[in-house]
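Q: So here's model.txt (compact mmCIF, C-alpha atoms and all ligand atoms).
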# COMPACT_ATOMS: atom_id res chain seq x y z
CA MET T 1 -96.62 58.23 87.79
CA GLY T 2 -96.41 61.99 88.17
CA THR T 3 -94.77 64.32 85.68
CA PRO T 4 -91.62 65.96 87.00
CA ARG T 5 -90.78 69.55 86.12
CA ASP T 6 -88.60 70.14 83.05
CA SER T 7 -85.34 70.58 84.98
CA THR T 8 -84.06 69.11 88.24
CA GLN T 9 -83.69 72.68 89.51
CA ALA T 10 -87.37 73.42 88.89
CA GLN T 11 -88.24 70.03 90.38
CA ALA T 12 -86.24 70.85 93.54
CA GLU T 13 -88.00 74.19 93.84
CA VAL T 14 -91.48 72.68 93.62
CA VAL T 15 -90.53 70.00 96.16
CA VAL T 16 -89.29 72.62 98.63
CA ASP T 17 -92.35 74.86 98.11
CA ARG T 18 -94.88 72.09 98.59
CA LEU T 19 -93.14 70.51 101.57
CA GLU T 20 -92.71 73.93 103.24
CA ASP T 21 -96.47 74.38 103.06
CA GLU T 22 -97.01 70.88 104.43
CA TYR T 23 -94.44 71.03 107.26
CA PRO T 24 -94.09 74.71 108.23
CA ASP T 25 -92.32 73.92 111.54
CA SER T 26 -89.85 71.40 110.15
CA THR T 27 -86.59 71.30 112.10
CA ILE T 28 -84.11 68.97 113.83
CA SER T 29 -85.78 66.56 116.26
CA LEU T 30 -82.71 65.67 118.37
CA ARG T 31 -82.68 67.33 121.80
CA TYR T 32 -79.59 69.18 123.03
CA SER T 33 -78.76 72.35 124.90
CA ASN T 34 -75.22 73.08 123.70
CA ARG T 35 -72.83 72.21 120.86
CA LEU T 36 -71.22 69.26 122.59
CA GLU T 37 -74.60 67.71 123.37
CA LEU T 38 -75.55 68.24 119.72
CA LEU T 39 -72.37 66.52 118.54
CA ILE T 40 -72.96 63.58 120.89
CA ALA T 41 -76.62 63.26 119.91
CA VAL T 42 -75.73 63.23 116.22
CA ILE T 43 -72.99 60.61 116.71
CA LEU T 44 -75.53 58.47 118.59
CA SER T 45 -78.19 58.91 115.90
CA ALA T 46 -76.27 57.01 113.21
CA GLN T 47 -78.51 54.06 112.31
CA CYS T 48 -80.70 54.76 115.33
CA THR T 49 -83.96 56.68 115.64
CA ASP T 50 -83.95 60.23 117.01
CA GLU T 51 -86.67 59.16 119.43
CA ARG T 52 -84.46 56.51 121.00
CA VAL T 53 -81.49 58.87 121.10
CA ASN T 54 -83.57 61.55 122.85
CA LYS T 55 -84.69 59.00 125.43
CA GLU T 56 -81.13 57.95 126.20
CA THR T 57 -79.53 61.41 126.15
CA LYS T 58 -82.01 62.64 128.74
CA HIS T 59 -80.14 60.83 131.52
CA LEU T 60 -76.77 60.90 129.73
CA PHE T 61 -76.66 64.71 129.66
CA GLU T 62 -77.54 64.82 133.36
CA LYS T 63 -74.71 62.48 134.29
CA TYR T 64 -71.95 63.84 132.01
CA ASP T 65 -71.32 67.55 131.77
CA GLY T 66 -68.66 68.81 129.36
CA PRO T 67 -65.85 67.16 127.39
CA GLU T 68 -63.77 66.33 130.51
CA ASP T 69 -66.50 64.06 131.88
CA TYR T 70 -66.67 62.04 128.66
CA ALA T 71 -62.91 62.00 128.05
CA ASN T 72 -62.24 60.74 131.58
CA ALA T 73 -65.17 58.34 131.71
CA ASP T 74 -64.68 54.62 132.06
CA GLN T 75 -65.49 53.41 128.54
CA ASP T 76 -67.44 50.33 129.69
CA GLU T 77 -69.55 52.46 132.01
CA LEU T 78 -70.19 55.01 129.26
CA ALA T 79 -71.21 52.19 126.92
CA GLU T 80 -73.59 50.81 129.56
CA ASP T 81 -75.12 54.26 129.87
CA LEU T 82 -75.90 54.07 126.14
CA ASN T 83 -77.00 50.48 125.93
CA SER T 84 -80.33 51.02 124.18
CA ILE T 85 -78.56 52.68 121.24
CA THR T 86 -77.40 50.72 118.21
CA TYR T 87 -73.63 50.06 118.20
CA TYR T 88 -73.36 51.57 121.69
CA ASN T 89 -69.91 50.11 122.35
CA SER T 90 -68.38 51.73 119.27
CA LYS T 91 -70.25 54.97 119.84
CA ALA T 92 -69.02 55.18 123.45
CA GLY T 93 -65.49 54.91 122.06
CA TYR T 94 -66.14 57.62 119.45
CA ILE T 95 -67.54 60.00 122.06
CA LYS T 96 -64.67 59.46 124.49
CA SER T 97 -62.05 59.86 121.78
CA SER T 98 -63.75 62.92 120.22
CA CYS T 99 -63.91 64.63 123.60
CA LYS T 100 -60.20 63.94 124.17
CA THR T 101 -59.42 65.59 120.82
CA ILE T 102 -61.72 68.52 121.64
CA LEU T 103 -59.83 69.05 124.91
CA GLU T 104 -56.35 68.56 123.51
CA ASP T 105 -56.66 70.34 120.16
CA HIS T 106 -59.61 72.72 120.43
CA ASP T 107 -59.51 74.21 123.96
CA GLY T 108 -62.57 72.24 124.96
CA GLU T 109 -64.76 73.72 122.20
CA VAL T 110 -66.55 71.85 119.40
CA PRO T 111 -64.72 72.93 116.23
CA ASP T 112 -66.49 75.04 113.61
CA THR T 113 -64.93 73.85 110.37
CA MET T 114 -65.73 70.81 108.27
CA ASP T 115 -62.05 69.78 108.14
CA GLU T 116 -61.65 69.83 111.91
CA LEU T 117 -64.97 68.17 112.60
CA ILE T 118 -64.36 65.21 110.31
CA GLU T 119 -61.06 64.61 112.13
CA LEU T 120 -63.09 63.71 115.23
CA SER T 121 -63.74 60.06 115.87
CA GLY T 122 -67.09 58.82 114.51
CA VAL T 123 -67.75 62.08 112.66
CA GLY T 124 -68.32 61.98 108.90
CA ARG T 125 -69.52 64.68 106.57
CA LYS T 126 -73.18 64.16 107.50
CA THR T 127 -72.58 64.56 111.24
CA ALA T 128 -70.27 67.52 110.63
CA ASN T 129 -72.88 69.26 108.46
CA VAL T 130 -75.52 68.89 111.18
CA VAL T 131 -73.15 70.27 113.84
CA LEU T 132 -72.12 73.18 111.60
CA GLN T 133 -75.71 74.03 110.72
CA HIS T 134 -77.36 73.71 114.11
CA GLY T 135 -74.41 74.35 116.41
CA HIS T 136 -72.59 77.11 114.56
CA ASP T 137 -75.14 78.48 112.06
CA ILE T 138 -72.80 77.61 109.20
CA VAL T 139 -74.47 76.03 106.18
CA GLU T 140 -71.84 74.56 103.85
CA GLY T 141 -73.77 71.62 102.48
CA ILE T 142 -76.88 69.50 102.65
CA VAL T 143 -77.25 66.75 105.22
CA VAL T 144 -78.03 63.53 103.37
CA ASP T 145 -79.52 60.90 105.65
CA THR T 146 -81.54 57.86 104.66
CA HIS T 147 -84.75 59.89 104.11
CA VAL T 148 -83.03 62.52 101.95
CA GLN T 149 -81.32 59.75 100.00
CA ARG T 150 -84.59 57.88 99.36
CA LEU T 151 -86.79 60.91 98.58
CA SER T 152 -84.24 62.62 96.33
CA ARG T 153 -84.01 59.50 94.19
CA ARG T 154 -87.76 58.85 94.17
CA LEU T 155 -88.46 62.43 93.16
CA GLY T 156 -85.94 62.36 90.32
CA LEU T 157 -83.60 64.93 91.90
CA THR T 158 -80.59 62.63 91.58
CA GLU T 159 -79.64 59.28 90.17
CA GLU T 160 -76.64 58.94 92.46
CA GLU T 161 -76.61 56.25 95.13
CA TYR T 162 -74.07 57.42 97.68
CA PRO T 163 -74.67 60.30 100.11
CA GLU T 164 -71.68 62.45 99.12
CA ARG T 165 -72.55 62.29 95.42
CA ILE T 166 -76.22 62.92 96.20
CA GLU T 167 -75.21 65.94 98.26
CA GLU T 168 -73.21 67.33 95.33
CA ASP T 169 -76.22 66.97 93.01
CA LEU T 170 -78.58 68.55 95.52
CA MET T 171 -76.26 71.50 96.18
CA GLY T 172 -76.45 72.25 92.47
CA ILE T 173 -80.26 72.38 92.34
CA VAL T 174 -81.74 73.17 95.77
CA PRO T 175 -81.84 76.95 96.43
CA GLU T 176 -79.00 77.71 98.86
CA GLU T 177 -81.27 79.39 101.38
CA SER T 178 -83.15 76.09 101.65
CA TRP T 179 -80.18 73.73 102.15
CA GLN T 180 -80.71 73.30 105.86
CA GLU T 181 -84.48 73.13 105.68
CA PHE T 182 -84.44 70.68 102.76
CA THR T 183 -83.12 67.89 104.99
CA HIS T 184 -85.78 68.38 107.64
CA LEU T 185 -88.56 68.61 105.06
CA CYS T 186 -87.44 65.29 103.54
CA ILE T 187 -87.22 63.70 106.99
CA ASP T 188 -90.73 64.85 107.93
CA HIS T 189 -92.21 63.71 104.63
CA GLY T 190 -90.22 60.48 104.72
CA ARG T 191 -91.59 59.65 108.16
CA ALA T 192 -95.18 60.77 107.57
CA VAL T 193 -95.94 59.79 103.96
CA CYS T 194 -93.05 58.65 101.77
CA THR T 195 -91.93 55.80 104.01
CA ALA T 196 -89.34 53.29 102.89
CA GLN T 197 -91.60 50.25 102.57
CA ASN T 198 -95.07 51.60 101.93
CA PRO T 199 -95.29 55.20 100.75
CA ASP T 200 -98.79 56.66 100.76
CA CYS T 201 -98.73 58.14 97.25
CA GLY T 202 -102.52 58.59 97.33
CA ASP T 203 -102.10 61.14 100.11
CA CYS T 204 -98.91 62.84 98.91
CA VAL T 205 -98.66 66.52 97.99
CA LEU T 206 -95.93 65.65 95.47
CA ALA T 207 -97.81 62.89 93.65
CA ASP T 208 -98.40 64.92 90.45
CA VAL T 209 -94.67 65.72 90.06
CA CYS T 210 -93.20 62.46 91.37
CA PRO T 211 -91.85 60.01 88.78
CA SER T 212 -92.07 57.19 91.35
CA GLU T 213 -95.74 57.81 92.16
CA LYS T 214 -97.39 54.40 92.44
CA GLY T 215 -100.64 55.22 90.57
CA ASP T 216 -99.62 53.60 87.31
CA GLY T 217 -95.88 53.87 87.96
CA GLU T 218 -93.95 50.70 87.98
CA ILE T 219 -90.61 51.64 89.48
CA ASP T 220 -89.50 52.92 92.86
CA LEU T 221 -86.62 55.09 91.68
CA ALA T 222 -85.07 54.92 95.16
CA SER T 223 -84.31 51.23 94.73
CA GLY T 224 -84.69 50.94 90.97
CA ASP T 225 -87.08 48.02 91.58
CA PRO T 226 -90.76 47.68 90.63
CA TRP T 227 -93.18 48.51 93.45
S1 LIG T 301 -95.20 59.21 98.63
FE1 LIG T 301 -95.23 58.45 96.52
S2 LIG T 301 -95.75 60.24 95.27
FE2 LIG T 301 -95.05 61.00 97.28
S3 LIG T 301 -92.90 61.40 97.03
FE3 LIG T 301 -93.09 59.32 97.85
S4 LIG T 301 -93.09 57.97 96.03
FE4 LIG T 301 -93.50 60.08 95.33
Show me, as structure tokens, the structure contained in the file I just sent.

A:
Amino acid sequence: MGTPRDSTQAQAEVVVDRLEDEYPDSTISLRYSNRLELLIAVILSAQCTDERVNKETKHLFEKYDGPEDYANADQDELAEDLNSITYYNSKAGYIKSSCKTILEDHDGEVPDTMDELIELSGVGRKTANVVLQHGHDIVEGIVVDTHVQRLSRRLGLTEEEYPERIEEDLMGIVPEESWQEFTHLCIDHGRAVCTAQNPDCGDCVLADVCPSEKGDGEIDLASGDPW
């Protein structure tokens, strides 16, 4: 078990510093070339890997171009075009409905406020934050996905369980200029080292400050269960 810094703020700072050194090019891994493609890719990425989404959007973005194409698409055909993605039927419906709203209420443009984005079908705070950050350069919060959720708890940055509460805690301790980067650093570290089932604490740059470190630690603070 590592020894965390005295305050969660200091702990957050050391986490950001170390992970920045480890993953200097950390950024979003979804592929897109405009805001609508970003929105669609993020909707598709819910409970699906970015790798699979990128594979599927390659042909999707060639076939459909702009909100009209999605809004007017036959929903079954759109779903078939997404059939390697988890929950593709529901996601096809979200995309079609969101594009209708974008056409009817936003002049065909992806909105740039949290309130308007979360009105779109299939868009929650997490998706909206990603679209604001990467589509509009507006950073209003911290994207909390499964990696951020797991690492923040393991590292003692929060004891909350649900993403919106975790985000509130993190916004209070992560330096604001690092809000966007924090997510990508956690994702990179969560994929490479601090995996869900078998984190490689022996090869982790945060081991000395991590209260979940497996050395002689007994508890995975992400789950609250013994290792
Ligand atoms: S890999 Fe181990 S030491 Fe590193 S952050 Fe995850 S639980 Fe902590």

Q: Can you tell me how far atom CA of T:Asp145 sits from atom CA of T:Leu221, in Å to one decimal?

A: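 If I compute the distance from atom CA of T:Asp145 to atom CA of T:Leu221, I get 16.7 Å.
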
Q: Please return as a PyMOL selection string every residue within 12 Å of (-75.2, 68.2, 128.4), taking into account all atoms listed in the file and the file's own coordinates.

A: chain T and resi 31-41+57-70

Q: For ligand LIG 301 (chain T), which residue among T:Glu218, T:Asp6, T:Asp225, T:Glu213 is the nearest when counting all atoms listed in the file?

A: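 For ligand LIG 301 (chain T), the nearest of the candidates is T:Glu213.
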
Q: My list of candidates is T:Thr127, T:Leu155, T:Leu170, T:Ile219. Which is closest to ligand LIG 301 (chain T) when distances are computed with all atoms listed in the file?

A: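 The answer is T:Leu155, which sits nearest to ligand LIG 301 (chain T).
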
Q: Just want the residues within 9 Å of ligand LIG 301 (chain T), written as an MDAnalysis selection string, counting only C-alpha atoms and all ligand atoms.

A: chainID T and resid 1:2 15 150:152 154:155 189:190 193:196 198:215 220:222

Q: Please determine, counting only C-alpha atoms, which residue among T:Thr8, T:Thr27, T:Thr113, T:Ser84 has the shortest atom-to-atom distance to T:Ser45.

A: T:Ser84
